file run-v2.txt (compact mmCIF, C-alpha atoms and all ligand atoms)
# COMPACT_ATOMS: atom_id res chain seq x y z
CA MET A 1 0.00 0.00 0.00
CA ARG A 2 2.75 2.40 1.06
CA GLY A 3 4.81 1.54 -2.01
CA GLU A 4 1.93 2.53 -4.24
CA ARG A 5 1.92 6.00 -2.76
CA GLN A 6 5.50 6.65 -3.82
CA PRO A 7 5.32 9.08 -6.72
CA ARG A 8 7.39 6.76 -8.88
CA ARG A 9 4.32 6.00 -10.96
CA TRP A 10 4.21 9.33 -12.72
CA ASP A 11 0.72 9.88 -13.89
CA HIS A 12 -2.27 12.10 -13.36
CA SER A 13 -3.86 9.92 -10.70
CA SER A 14 -0.71 9.70 -8.54
CA ILE A 15 -0.21 13.48 -8.70
CA LEU A 16 -3.87 13.98 -7.86
CA SER A 17 -3.70 11.70 -4.86
CA TRP A 18 -0.69 13.59 -3.48
CA LEU A 19 -2.48 16.91 -3.99
CA ARG A 20 -5.42 15.52 -1.99
CA GLU A 21 -3.25 13.94 0.72
CA GLU A 22 -3.88 15.46 4.16
CA ASN A 23 -2.16 12.90 6.36
CA GLU A 24 0.97 14.60 7.72
CA GLU A 25 2.92 11.38 8.18
CA ARG A 26 2.33 10.31 4.61
CA LEU A 27 3.18 13.78 3.35
CA VAL A 28 6.58 13.40 5.03
CA GLU A 29 7.26 10.74 2.38
CA LEU A 30 6.57 13.26 -0.36
CA TRP A 31 8.81 15.89 1.27
CA GLU A 32 11.61 13.32 1.62
CA VAL A 33 11.38 12.03 -1.94
CA ALA A 34 11.39 15.60 -3.29
CA ASP A 35 14.25 16.73 -1.04
CA THR A 36 16.37 13.72 -1.98
CA LYS A 37 15.71 14.33 -5.67
CA ARG A 38 16.62 18.01 -5.26
CA GLN A 39 19.88 17.14 -3.52
CA LYS A 40 20.81 14.53 -6.13
CA CYS A 41 19.92 16.62 -9.18
CA VAL A 42 20.79 20.23 -8.26
CA GLY A 43 22.82 19.92 -5.06
CA ASN A 44 22.60 21.80 -1.78
CA GLU A 45 23.26 25.34 -2.95
CA ILE A 46 20.52 27.95 -2.84
CA HIS A 47 20.76 30.33 -5.77
CA LEU A 48 19.89 33.94 -5.01
CA ARG A 49 18.33 35.98 -7.79
CA GLY A 50 17.96 39.72 -7.21
CA LEU A 51 14.47 40.77 -8.29
CA ILE A 52 14.10 44.30 -9.72
CA GLU A 53 10.52 45.33 -10.51
CA ILE A 54 11.37 47.80 -13.26
CA SER A 55 7.85 49.00 -14.17
CA ASN A 56 4.33 48.52 -12.87
CA SER A 57 2.70 49.74 -16.09
CA CYS A 58 0.66 47.02 -17.75
CA ARG A 59 -1.58 46.87 -20.81
CA ARG A 60 -3.32 43.65 -19.68
CA SER A 61 -6.43 43.20 -17.55
CA CYS A 62 -5.81 39.88 -15.77
CA LEU A 63 -8.63 39.50 -13.28
CA TYR A 64 -6.36 38.45 -10.40
CA CYS A 65 -3.54 40.97 -10.66
CA GLY A 66 -3.17 44.18 -8.64
CA ILE A 67 -1.27 46.05 -11.38
CA ARG A 68 -3.88 45.38 -14.11
CA ALA A 69 -4.43 48.21 -16.61
CA PRO A 70 -7.95 49.20 -15.47
CA ARG A 71 -6.66 50.22 -12.01
CA THR A 72 -6.64 53.96 -12.52
CA ASP A 73 -6.01 54.67 -8.81
CA LEU A 74 -2.57 53.05 -8.88
CA PRO A 75 0.39 55.41 -9.47
CA ARG A 76 2.47 54.00 -12.31
CA TYR A 77 6.29 54.07 -12.50
CA ARG A 78 9.00 52.96 -14.86
CA MET A 79 12.54 52.94 -13.43
CA SER A 80 15.31 54.76 -15.29
CA ALA A 81 18.33 52.86 -16.58
CA SER A 82 20.53 54.44 -13.90
CA GLU A 83 18.12 53.45 -11.11
CA ILE A 84 18.11 49.88 -12.42
CA LEU A 85 21.90 49.77 -12.72
CA ALA A 86 22.19 50.89 -9.09
CA CYS A 87 20.05 47.86 -8.10
CA VAL A 88 22.21 45.62 -10.29
CA ASP A 89 25.30 46.88 -8.40
CA GLU A 90 23.56 46.06 -5.14
CA ALA A 91 22.84 42.50 -6.39
CA HIS A 92 26.47 42.09 -7.38
CA SER A 93 27.82 43.43 -4.11
CA ARG A 94 25.52 41.12 -2.13
CA GLY A 95 27.02 38.19 -4.09
CA TYR A 96 23.92 37.28 -6.10
CA GLY A 97 24.62 35.60 -9.45
CA THR A 98 21.53 36.75 -11.34
CA VAL A 99 19.26 39.75 -11.70
CA VAL A 100 15.63 39.31 -12.69
CA LEU A 101 14.10 42.30 -14.47
CA GLN A 102 10.35 42.04 -13.99
CA SER A 103 7.50 44.32 -15.04
CA GLY A 104 3.92 44.49 -16.14
CA GLU A 105 3.41 44.13 -19.88
CA ASP A 106 4.68 47.62 -20.57
CA PRO A 107 5.02 48.82 -24.19
CA GLY A 108 7.03 51.77 -22.82
CA ILE A 109 9.84 49.24 -22.29
CA THR A 110 11.07 49.32 -25.86
CA ALA A 111 13.25 46.75 -27.59
CA ASP A 112 16.15 49.18 -28.08
CA TRP A 113 16.08 50.68 -24.62
CA LEU A 114 16.08 47.30 -22.90
CA ALA A 115 18.73 45.86 -25.26
CA GLY A 116 21.01 48.78 -24.29
CA LEU A 117 20.36 48.16 -20.61
CA ILE A 118 21.09 44.42 -20.91
CA GLN A 119 24.36 45.24 -22.69
CA SER A 120 25.34 47.66 -19.91
CA ILE A 121 24.65 45.03 -17.24
CA LYS A 122 26.71 42.48 -19.16
CA ARG A 123 29.60 44.93 -19.63
CA LYS A 124 29.66 45.91 -15.96
CA THR A 125 29.04 42.60 -14.21
CA PRO A 126 29.26 38.82 -14.65
CA LEU A 127 25.59 38.46 -13.70
CA ALA A 128 23.05 36.34 -15.55
CA VAL A 129 20.07 38.39 -16.74
CA THR A 130 16.58 36.96 -16.46
CA LEU A 131 13.62 38.78 -18.01
CA SER A 132 10.00 38.52 -16.86
CA LEU A 133 8.11 41.11 -18.91
CA GLY A 134 4.95 39.34 -20.05
CA GLU A 135 3.95 38.43 -23.59
CA ARG A 136 6.33 40.16 -26.00
CA SER A 137 6.88 39.78 -29.74
CA TYR A 138 9.33 37.33 -31.28
CA GLU A 139 11.40 40.26 -32.60
CA GLU A 140 11.71 41.80 -29.14
CA LEU A 141 12.62 38.48 -27.52
CA ALA A 142 15.23 37.86 -30.23
CA ARG A 143 16.71 41.34 -29.81
CA TRP A 144 17.06 40.93 -26.03
CA ARG A 145 18.60 37.49 -26.41
CA GLU A 146 21.16 38.92 -28.85
CA ALA A 147 21.88 41.69 -26.34
CA GLY A 148 22.82 39.00 -23.80
CA ALA A 149 19.67 38.07 -21.84
CA ASP A 150 20.02 34.52 -20.55
CA ARG A 151 16.62 33.47 -19.23
CA TYR A 152 12.95 34.35 -19.53
CA LEU A 153 10.07 33.68 -17.14
CA LEU A 154 6.48 33.53 -18.38
CA ARG A 155 3.99 31.62 -16.28
CA PHE A 156 1.17 29.94 -18.18
CA GLU A 157 -0.82 30.45 -14.93
CA THR A 158 -3.20 27.50 -15.56
CA SER A 159 -3.47 24.86 -18.28
CA ASP A 160 -7.27 24.85 -17.93
CA GLN A 161 -8.56 26.45 -21.14
CA SER A 162 -11.83 27.86 -19.85
CA LEU A 163 -10.33 29.11 -16.58
CA TYR A 164 -7.46 30.79 -18.46
CA ALA A 165 -9.90 32.48 -20.84
CA ALA A 166 -12.00 33.70 -17.88
CA ILE A 167 -9.17 35.25 -15.87
CA HIS A 168 -6.88 36.45 -18.60
CA PRO A 169 -8.69 38.44 -21.29
CA GLY A 170 -6.63 39.17 -24.39
CA PRO A 171 -6.01 42.68 -25.74
CA GLN A 172 -9.31 44.64 -26.07
CA GLY A 173 -11.14 41.76 -24.39
CA ALA A 174 -10.27 39.31 -27.20
CA PRO A 175 -10.46 35.63 -26.24
CA SER A 176 -7.19 34.13 -25.02
CA HIS A 177 -5.83 30.61 -24.61
CA PRO A 178 -3.00 29.02 -22.60
CA GLU A 179 -1.58 28.07 -26.03
CA ASP A 180 -0.72 31.77 -26.61
CA ARG A 181 1.81 31.57 -23.80
CA LEU A 182 2.91 28.03 -24.70
CA ALA A 183 3.76 29.31 -28.19
CA ILE A 184 5.93 32.04 -26.65
CA LEU A 185 7.64 29.46 -24.43
CA ALA A 186 8.51 27.49 -27.61
CA GLN A 187 9.91 30.66 -29.23
CA LEU A 188 12.03 31.35 -26.15
CA ARG A 189 13.42 27.83 -26.35
CA GLU A 190 14.18 28.27 -30.05
CA LEU A 191 16.01 31.53 -29.30
CA GLY A 192 18.25 29.74 -26.79
CA TYR A 193 16.84 31.21 -23.58
CA GLU A 194 16.61 29.11 -20.46
CA VAL A 195 12.85 28.88 -20.15
CA GLY A 196 10.78 29.32 -17.02
CA SER A 197 7.07 29.05 -16.45
CA GLY A 198 4.66 28.24 -13.66
CA VAL A 199 1.17 28.59 -12.25
CA LEU A 200 -0.96 30.17 -9.59
CA ILE A 201 -2.23 27.83 -6.89
CA GLY A 202 -5.78 28.24 -5.66
CA ILE A 203 -7.21 30.64 -8.26
CA PRO A 204 -11.02 30.60 -7.94
CA GLY A 205 -12.22 27.95 -10.39
CA GLN A 206 -9.04 25.84 -10.22
CA SER A 207 -9.78 22.15 -9.57
CA TYR A 208 -7.41 19.52 -8.21
CA ALA A 209 -7.58 17.73 -11.56
CA SER A 210 -6.52 20.84 -13.47
CA LEU A 211 -3.64 21.51 -11.05
CA ALA A 212 -2.46 17.91 -11.61
CA ASN A 213 -2.51 18.64 -15.36
CA ASP A 214 -0.37 21.73 -14.73
CA VAL A 215 2.29 19.60 -13.04
CA LEU A 216 2.22 17.13 -15.95
CA LEU A 217 2.65 20.06 -18.34
CA PHE A 218 5.77 21.27 -16.45
CA HIS A 219 7.24 17.85 -17.19
CA GLU A 220 6.16 17.85 -20.83
CA LEU A 221 7.63 21.31 -21.41
CA ASP A 222 10.89 20.18 -19.78
CA LEU A 223 11.17 23.57 -18.07
CA ASP A 224 14.47 24.97 -16.85
CA MET A 225 12.78 27.07 -14.15
CA VAL A 226 9.38 26.63 -12.52
CA GLY A 227 7.77 29.24 -10.26
CA VAL A 228 4.61 28.33 -8.38
CA GLY A 229 2.90 30.42 -5.74
CA PRO A 230 -0.42 30.72 -3.95
CA TYR A 231 -3.07 33.02 -5.40
CA ILE A 232 -3.63 35.89 -2.96
CA ALA A 233 -6.85 37.86 -3.41
CA HIS A 234 -6.32 41.55 -4.16
CA PRO A 235 -9.30 43.67 -3.06
CA ASP A 236 -8.96 46.04 -6.04
CA THR A 237 -9.34 43.29 -8.66
CA PRO A 238 -12.49 41.59 -10.01
CA LEU A 239 -11.45 38.17 -8.67
CA GLY A 240 -10.63 39.70 -5.30
CA GLN A 241 -14.16 41.14 -5.23
CA GLY A 242 -15.74 37.80 -6.14
CA LEU A 243 -16.56 39.02 -9.66
CA GLY A 244 -15.62 37.49 -13.00
CA ALA A 245 -17.08 34.59 -14.92
CA VAL A 246 -14.94 31.91 -13.29
CA PRO A 247 -16.42 28.41 -13.23
CA ARG A 248 -17.91 27.47 -9.82
CA ILE A 249 -16.54 24.10 -8.83
CA ASP A 250 -16.86 21.65 -5.95
CA ASP A 251 -13.24 20.65 -5.67
CA GLN A 252 -11.66 24.10 -5.44
CA VAL A 253 -7.91 24.01 -4.69
CA PRO A 254 -7.00 26.15 -1.64
CA GLY A 255 -4.21 28.72 -2.06
CA THR A 256 -2.49 27.65 1.14
CA GLU A 257 1.09 27.22 2.26
CA LEU A 258 0.59 23.45 2.51
CA MET A 259 -0.85 23.16 -1.01
CA THR A 260 2.06 25.23 -2.34
CA HIS A 261 4.53 22.88 -0.64
CA LYS A 262 2.82 19.87 -2.23
CA VAL A 263 3.04 21.48 -5.67
CA LEU A 264 6.70 22.45 -5.07
CA ALA A 265 7.55 18.85 -4.17
CA LEU A 266 5.66 17.41 -7.16
CA THR A 267 7.32 20.00 -9.42
CA ARG A 268 10.75 18.80 -8.29
CA LEU A 269 9.71 15.27 -9.32
CA ALA A 270 8.30 16.55 -12.63
CA CYS A 271 11.43 18.59 -13.49
CA PRO A 272 14.29 17.16 -11.40
CA GLU A 273 17.00 19.49 -12.74
CA ALA A 274 14.98 22.69 -12.81
CA ASN A 275 15.66 25.77 -10.73
CA ILE A 276 12.62 26.13 -8.49
CA PRO A 277 12.14 29.19 -6.26
CA ALA A 278 10.48 29.30 -2.89
CA THR A 279 8.49 32.33 -4.05
CA THR A 280 7.65 35.65 -2.44
CA ALA A 281 3.95 34.71 -2.55
CA LEU A 282 4.81 31.65 -0.44
CA ALA A 283 6.70 33.93 1.96
CA THR A 284 3.59 36.15 2.08
CA VAL A 285 1.13 33.38 3.04
CA GLY A 286 3.56 31.31 5.12
CA ALA A 287 6.03 33.97 6.31
CA ASP A 288 9.78 33.19 6.42
CA ARG A 289 9.03 29.77 7.92
CA GLY A 290 6.85 28.74 4.96
CA GLN A 291 9.49 29.87 2.53
CA LEU A 292 12.34 28.09 4.33
CA LEU A 293 10.27 24.90 4.60
CA GLY A 294 9.78 25.12 0.83
CA LEU A 295 13.57 24.87 0.45
CA GLY A 296 13.40 21.47 2.17
CA ARG A 297 10.49 20.33 0.00
CA GLY A 298 11.90 20.74 -3.49
CA ALA A 299 12.93 24.39 -3.97
CA ASN A 300 16.53 25.58 -4.53
CA VAL A 301 16.18 29.29 -5.38
CA VAL A 302 15.21 32.47 -3.49
CA MET A 303 14.53 35.79 -5.20
CA PRO A 304 15.24 38.65 -2.78
CA CYS A 305 13.58 41.87 -3.86
CA LEU A 306 15.91 44.79 -4.71
CA THR A 307 13.27 47.23 -5.97
CA PRO A 308 13.87 50.66 -4.38
CA GLN A 309 11.69 51.33 -1.33
CA GLN A 310 9.86 54.22 -3.01
CA TYR A 311 8.28 51.85 -5.57
CA HIS A 312 7.46 48.95 -3.22
CA GLY A 313 3.85 49.82 -2.56
CA HIS A 314 3.22 50.37 -6.27
CA TYR A 315 4.26 46.89 -7.43
CA GLU A 316 1.44 45.38 -5.44
CA ILE A 317 0.39 42.41 -7.58
CA TYR A 318 -1.12 41.06 -4.37
CA PRO A 319 -1.49 42.57 -0.89
CA GLY A 320 1.26 42.09 1.67
CA LYS A 321 3.90 41.49 -0.97
CA ALA A 322 5.87 44.68 -0.53
CA GLU A 323 8.05 43.87 2.45
CA ALA A 324 8.03 40.06 2.32
CA THR A 325 11.54 39.50 0.93
CA SER A 326 13.26 42.86 0.80
CA GLY A 327 15.86 44.89 2.65
CA GLU A 328 19.38 44.40 4.00
CA GLU A 329 18.14 43.00 7.26
CA TRP A 330 16.03 40.32 5.58
CA HIS A 331 19.00 39.43 3.34
CA HIS A 332 21.23 38.87 6.36
CA SER A 333 18.65 36.83 8.20
CA LEU A 334 18.15 34.70 5.05
CA LEU A 335 21.91 34.01 4.89
CA ALA A 336 21.91 33.06 8.59
CA HIS A 337 18.96 30.67 8.07
CA LEU A 338 20.61 29.08 5.03
CA HIS A 339 23.78 28.58 7.04
CA THR A 340 21.84 26.85 9.83
CA MET A 341 20.11 24.63 7.27
CA GLY A 342 23.45 23.61 5.72
CA ARG A 343 22.37 25.08 2.39
CA PRO A 344 25.14 27.46 1.23
CA PRO A 345 24.28 30.36 -1.09
CA GLY A 346 25.30 29.45 -4.66
CA ARG A 347 28.19 31.26 -6.30
CA GLY A 348 28.02 32.76 -9.77
CA GLN A 349 25.14 32.34 -12.18
CA GLY A 350 24.29 28.81 -11.04
CA PRO A 351 24.38 25.75 -13.24
CA ARG A 352 23.25 26.20 -16.80
CA SER A 353 20.29 23.99 -17.51
CA HIS A 354 20.60 20.81 -19.55
CA THR A 355 18.49 21.95 -22.48
CA ALA A 356 19.25 25.61 -23.18
CA GLN A 357 21.58 26.36 -26.06
CA PRO A 358 24.20 29.09 -25.99
CA VAL A 359 23.77 31.95 -28.47
CA SER A 360 25.55 31.02 -31.69
N1 LIG B 1 -1.65 36.41 -6.21
C1 LIG B 1 -0.53 35.68 -6.39
N2 LIG B 1 0.26 35.79 -7.48
C2 LIG B 1 -0.10 36.67 -8.42
N3 LIG B 1 0.43 36.99 -9.61
C3 LIG B 1 -0.30 37.96 -10.18
N4 LIG B 1 -1.35 38.28 -9.39
C4 LIG B 1 -1.26 37.48 -8.29
C5 LIG B 1 -2.05 37.32 -7.12
N5 LIG B 1 -3.16 38.04 -6.91
C6 LIG B 1 1.60 36.27 -10.16
C7 LIG B 1 1.30 35.74 -11.56
C8 LIG B 1 2.39 36.35 -12.40
C9 LIG B 1 3.46 36.65 -11.38
C10 LIG B 1 4.45 37.68 -11.79
O1 LIG B 1 2.71 37.11 -10.28
O2 LIG B 1 1.42 34.32 -11.56
O3 LIG B 1 2.85 35.50 -13.42
call {"tool": "encode", "arguments": {"input": "run-v2.txt", "output": "structure tokens"}}
result
Amino acid sequence: MRGERQPRRWDHSSILSWLREENEERLVELWEVADTKRQKCVGNEIHLRGLIEISNSCRRSCLYCGIRAPRTDLPRYRMSASEILACVDEAHSRGYGTVVLQSGEDPGITADWLAGLIQSIKRKTPLAVTLSLGERSYEELARWREAGADRYLLRFETSDQSLYAAIHPGPQGAPSHPEDRLAILAQLRELGYEVGSGVLIGIPGQSYASLANDVLLFHELDLDMVGVGPYIAHPDTPLGQGLGAVPRIDDQVPGTELMTHKVLALTRLACPEANIPATTALATVGADRGQLLGLGRGANVVMPCLTPQQYHGHYEIYPGKAEATSGEEWHHSLLAHLHTMGRPPGRGQGPRSHTAQPVS
């Protein structure tokens, strides 16, 4: 009986039964299998990626997101190149190996401007550059890759077609499909980026069965990076106000710390060599403890936030995010925790994934 519960049989029903598992003793098996796999496949180091939220302008209207375009009450900002480079210096001096430039889907971030910035970062530092800027054109992605960008993150959010269409309207309310983002992930792969994706856990309308499909899709896509985090309701969004045409379902997934840990562990089994962060959203629902536990349940990356204080409140994709993983003090306490856990901070960019191709 016990043997059957081992997630060696890798199929939808075994993932589903782990997602539904509530027995703490049996869950310990899942944590142990995931932690052993993590140690064997990516080692003990925790890679630190400095997150810089370069703009909160966004042309999209995702029903769950606090920086969605229709929020007219939210002050918008776009950091200047010199402000961003100051954050990059901070990442370098703290010993991080990567900077992640993240923003809303902001057309004001032009191909040329960002290419110049990536080149400056590459000239000044040995850091890897990860981009997380939403759905951008093939030409833009190609230009940034040529300029030296190494990795790109674009979550597909959910593989459930009708749920995706309900929470993620296309431009001017046009219908949208998870395939739109999957096509971009394929382009990123073709361009030689290391490719990252992921999902929200506990979005209203998300069933256990669809979350199990998401984990299977991580495996199918052979992702280099996978970010998963709990959905956190934002009161100034339609989903946060209980609006939106999301399907009402009986087996709604909860957006809890425990559910996030289960998905982290299953993700490690789905993509053994991937870089998997214990995300800021996990730190927001589970505090530092939830995030550190995640590092023992499959995760091997933390993304400390380097966005200047004055912009914190404005990059509020969900409430409570602002201070979760930022500041010098938090950085030092993270290093102390990692030391206690016997998980040294990684040096340099971290291992290059098995599938990504260098630029020719
Ligand atoms: N709760 C949790 N995560 C969110 N994101 C956007 N809105 C929320 C929310 N309300 C996540 C999305 C996006 C990432 C940058 O932030 O998954 O891909």
call {"tool": "residues_near_ligand", "arguments": {"input": "run-v2.txt", "ligand": "ligand LIG 1 (chain B)", "cutoff": "7 Å", "atoms": "only C-alpha atoms and all ligand atoms", "output": "list in words"}}
result
Tyr64, Cys65, Gly66, Leu154, Arg155, Glu157, Val199, Leu200, Gly229, Pro230, Tyr231, Ile232, Ala233, His234, Ala281, Ile317 and Tyr318 of chain A
call {"tool": "write_last_selection", "arguments": {"input": "run-v2.txt", "atoms": "C-alpha atoms", "output": "short mmCIF file (atom, residue, chain, number, x, y, z; two decimals), in the frame of the given file"}}
result
data_model
loop_
_atom_site.label_atom_id
_atom_site.label_comp_id
_atom_site.auth_asym_id
_atom_site.auth_seq_id
_atom_site.Cartn_x
_atom_site.Cartn_y
_atom_site.Cartn_z
CA TYR A 64 -6.36 38.45 -10.40
CA CYS A 65 -3.54 40.97 -10.66
CA GLY A 66 -3.17 44.18 -8.64
CA LEU A 154 6.48 33.53 -18.38
CA ARG A 155 3.99 31.62 -16.28
CA GLU A 157 -0.82 30.45 -14.93
CA VAL A 199 1.17 28.59 -12.25
CA LEU A 200 -0.96 30.17 -9.59
CA GLY A 229 2.90 30.42 -5.74
CA PRO A 230 -0.42 30.72 -3.95
CA TYR A 231 -3.07 33.02 -5.40
CA ILE A 232 -3.63 35.89 -2.96
CA ALA A 233 -6.85 37.86 -3.41
CA HIS A 234 -6.32 41.55 -4.16
CA ALA A 281 3.95 34.71 -2.55
CA ILE A 317 0.39 42.41 -7.58
CA TYR A 318 -1.12 41.06 -4.37
#
call {"tool": "closest_residue", "arguments": {"input": "run-v2.txt", "among": "A:Thr340, A:Gln119, A:Ser326, A:Gln349", "to": "A:Arg145", "atoms": "only C-alpha atoms"}}
result
A:Gln119
call {"tool": "residues_near_point", "arguments": {"input": "run-v2.txt", "point": "(-10.6, 25.5, -11.4)", "cutoff": "7 Å", "atoms": "all atoms listed in the file", "output": "list in words"}}
result
Leu163, Ile203, Pro204, Gly205, Gln206, Ser207, Ser210, Pro247, Ile249 and Gln252 of chain A
call {"tool": "closest_residue", "arguments": {"input": "run-v2.txt", "among": "A:Ile167, A:Lys37, A:Glu53, A:Gln241", "to": "A:Gln309", "atoms": "all atoms listed in the file"}}
result
A:Glu53
call {"tool": "closest_atom_pairs", "arguments": {"input": "run-v2.txt", "of": "stretch 30-77 of chain A", "to": "stretch 81-84 of chain A", "cutoff": "12 Å", "atoms": "all atoms listed in the file", "output": "CSV"}}
result
residue,atom,partner,partner_atom,distance
A:Gly50,CA,A:Ile84,CA,11.4
A:Leu51,CA,A:Ile84,CA,10.6
A:Ile52,CA,A:Ile84,CA,7.4
A:Glu53,CA,A:Ile84,CA,9.1
A:Ile54,CA,A:Ile84,CA,7.1
A:Ser55,CA,A:Ile84,CA,10.4
A:Tyr77,CA,A:Glu83,CA,11.9
call {"tool": "atom_distance", "arguments": {"input": "run-v2.txt", "atom1": "atom CA of A:Trp330", "atom2": "atom CA of A:His47"}}
result
15.8 Å
call {"tool": "residues_around", "arguments": {"input": "run-v2.txt", "residues": "A:Thr237", "least_positions_apart": "6", "cutoff": "12 Å", "atoms": "all atoms listed in the file", "output": "mmCIF file with C-alpha atoms, keeping the file's coordinate frame"}}
result
data_model
loop_
_atom_site.group_PDB
_atom_site.id
_atom_site.type_symbol
_atom_site.label_atom_id
_atom_site.label_comp_id
_atom_site.auth_asym_id
_atom_site.auth_seq_id
_atom_site.Cartn_x
_atom_site.Cartn_y
_atom_site.Cartn_z
ATOM 1 C CA SER A 61 -6.430 43.200 -17.550
ATOM 2 C CA CYS A 62 -5.810 39.880 -15.770
ATOM 3 C CA LEU A 63 -8.630 39.500 -13.280
ATOM 4 C CA TYR A 64 -6.360 38.450 -10.400
ATOM 5 C CA CYS A 65 -3.540 40.970 -10.660
ATOM 6 C CA GLY A 66 -3.170 44.180 -8.640
ATOM 7 C CA ILE A 67 -1.270 46.050 -11.380
ATOM 8 C CA ARG A 68 -3.880 45.380 -14.110
ATOM 9 C CA ALA A 69 -4.430 48.210 -16.610
ATOM 10 C CA PRO A 70 -7.950 49.200 -15.470
ATOM 11 C CA ARG A 71 -6.660 50.220 -12.010
ATOM 12 C CA THR A 72 -6.640 53.960 -12.520
ATOM 13 C CA ASP A 73 -6.010 54.670 -8.810
ATOM 14 C CA LEU A 74 -2.570 53.050 -8.880
ATOM 15 C CA ILE A 167 -9.170 35.250 -15.870
ATOM 16 C CA LEU A 243 -16.560 39.020 -9.660
ATOM 17 C CA GLY A 244 -15.620 37.490 -13.000
ATOM 18 C CA GLU A 316 1.440 45.380 -5.440
ATOM 19 C CA ILE A 317 0.390 42.410 -7.580
ATOM 20 C CA TYR A 318 -1.120 41.060 -4.370
ATOM 21 C CA PRO A 319 -1.490 42.570 -0.890
#
call {"tool": "residues_around", "arguments": {"input": "run-v2.txt", "residues": "stretch 86-103 of chain A", "least_positions_apart": "5", "cutoff": "8 Å", "atoms": "all atoms listed in the file", "output": "ChimeraX atom specification"}}
result
/A:47-58,121,125-134,306-308,346-350
call {"tool": "atom_distance", "arguments": {"input": "run-v2.txt", "atom1": "atom CA of A:Asn44", "atom2": "atom CA of A:Ala336"}}
result
15.3 Å
call {"tool": "axis_aligned_box", "arguments": {"input": "run-v2.txt", "around": "stretch 155-165 of chain A", "padding_each_side": "3 Å", "output": "lines of an AutoDock Vina configuration file"}}
result
center_x = -3.9
center_y = 28.7
center_z = -18.0
size_x = 21.8
size_y = 13.6
size_z = 12.2
call {"tool": "residues_near_point", "arguments": {"input": "run-v2.txt", "point": "(13.6, 46.7, -29.9)", "cutoff": "10 Å", "atoms": "all atoms listed in the file", "output": "JSON, numbers by chain"}}
result
{"A": [109, 110, 111, 112, 113, 114, 115, 116, 137, 139, 140, 141, 142, 143, 144]}
call {"tool": "atom_distance", "arguments": {"input": "run-v2.txt", "atom1": "atom CA of A:Arg297", "atom2": "atom CA of A:His261"}}
result
6.5 Å
call {"tool": "closest_residue", "arguments": {"input": "run-v2.txt", "among": "A:Ser17, A:Gln310, A:Thr279, A:Gln187", "to": "A:Arg136", "atoms": "only C-alpha atoms"}}
result
A:Gln187
call {"tool": "closest_residue", "arguments": {"input": "run-v2.txt", "among": "A:Asn213, A:Ser333, A:Gln291, A:Ser159", "to": "A:Thr260", "atoms": "only C-alpha atoms"}}
result
A:Gln291
call {"tool": "residues_around", "arguments": {"input": "run-v2.txt", "residues": "A:Tyr208", "least_positions_apart": "4", "cutoff": "8 Å", "atoms": "only C-alpha atoms", "output": "JSON, numbers by chain"}}
result
{"A": [16, 19, 20, 212, 251, 252, 253]}
call {"tool": "closest_residue", "arguments": {"input": "run-v2.txt", "among": "A:Trp18, A:Phe156, A:Trp10, A:Trp31", "to": "A:Ala299", "atoms": "only C-alpha atoms"}}
result
A:Trp31
call {"tool": "closest_residue", "arguments": {"input": "run-v2.txt", "among": "A:Gly43, A:Pro178, A:Pro75, A:Pro344", "to": "A:Gly298", "atoms": "only C-alpha atoms"}}
result
A:Gly43
call {"tool": "residues_around", "arguments": {"input": "run-v2.txt", "residues": "stretch 292-295 of chain A", "least_positions_apart": "2", "cutoff": "10 Å", "atoms": "all atoms listed in the file", "output": "PyMOL selection string"}}
result
chain A and resi 31+35+38+44+46+257-258+260-262+264-265+276-279+282-283+286-290+297-302+334+337-338+341+343
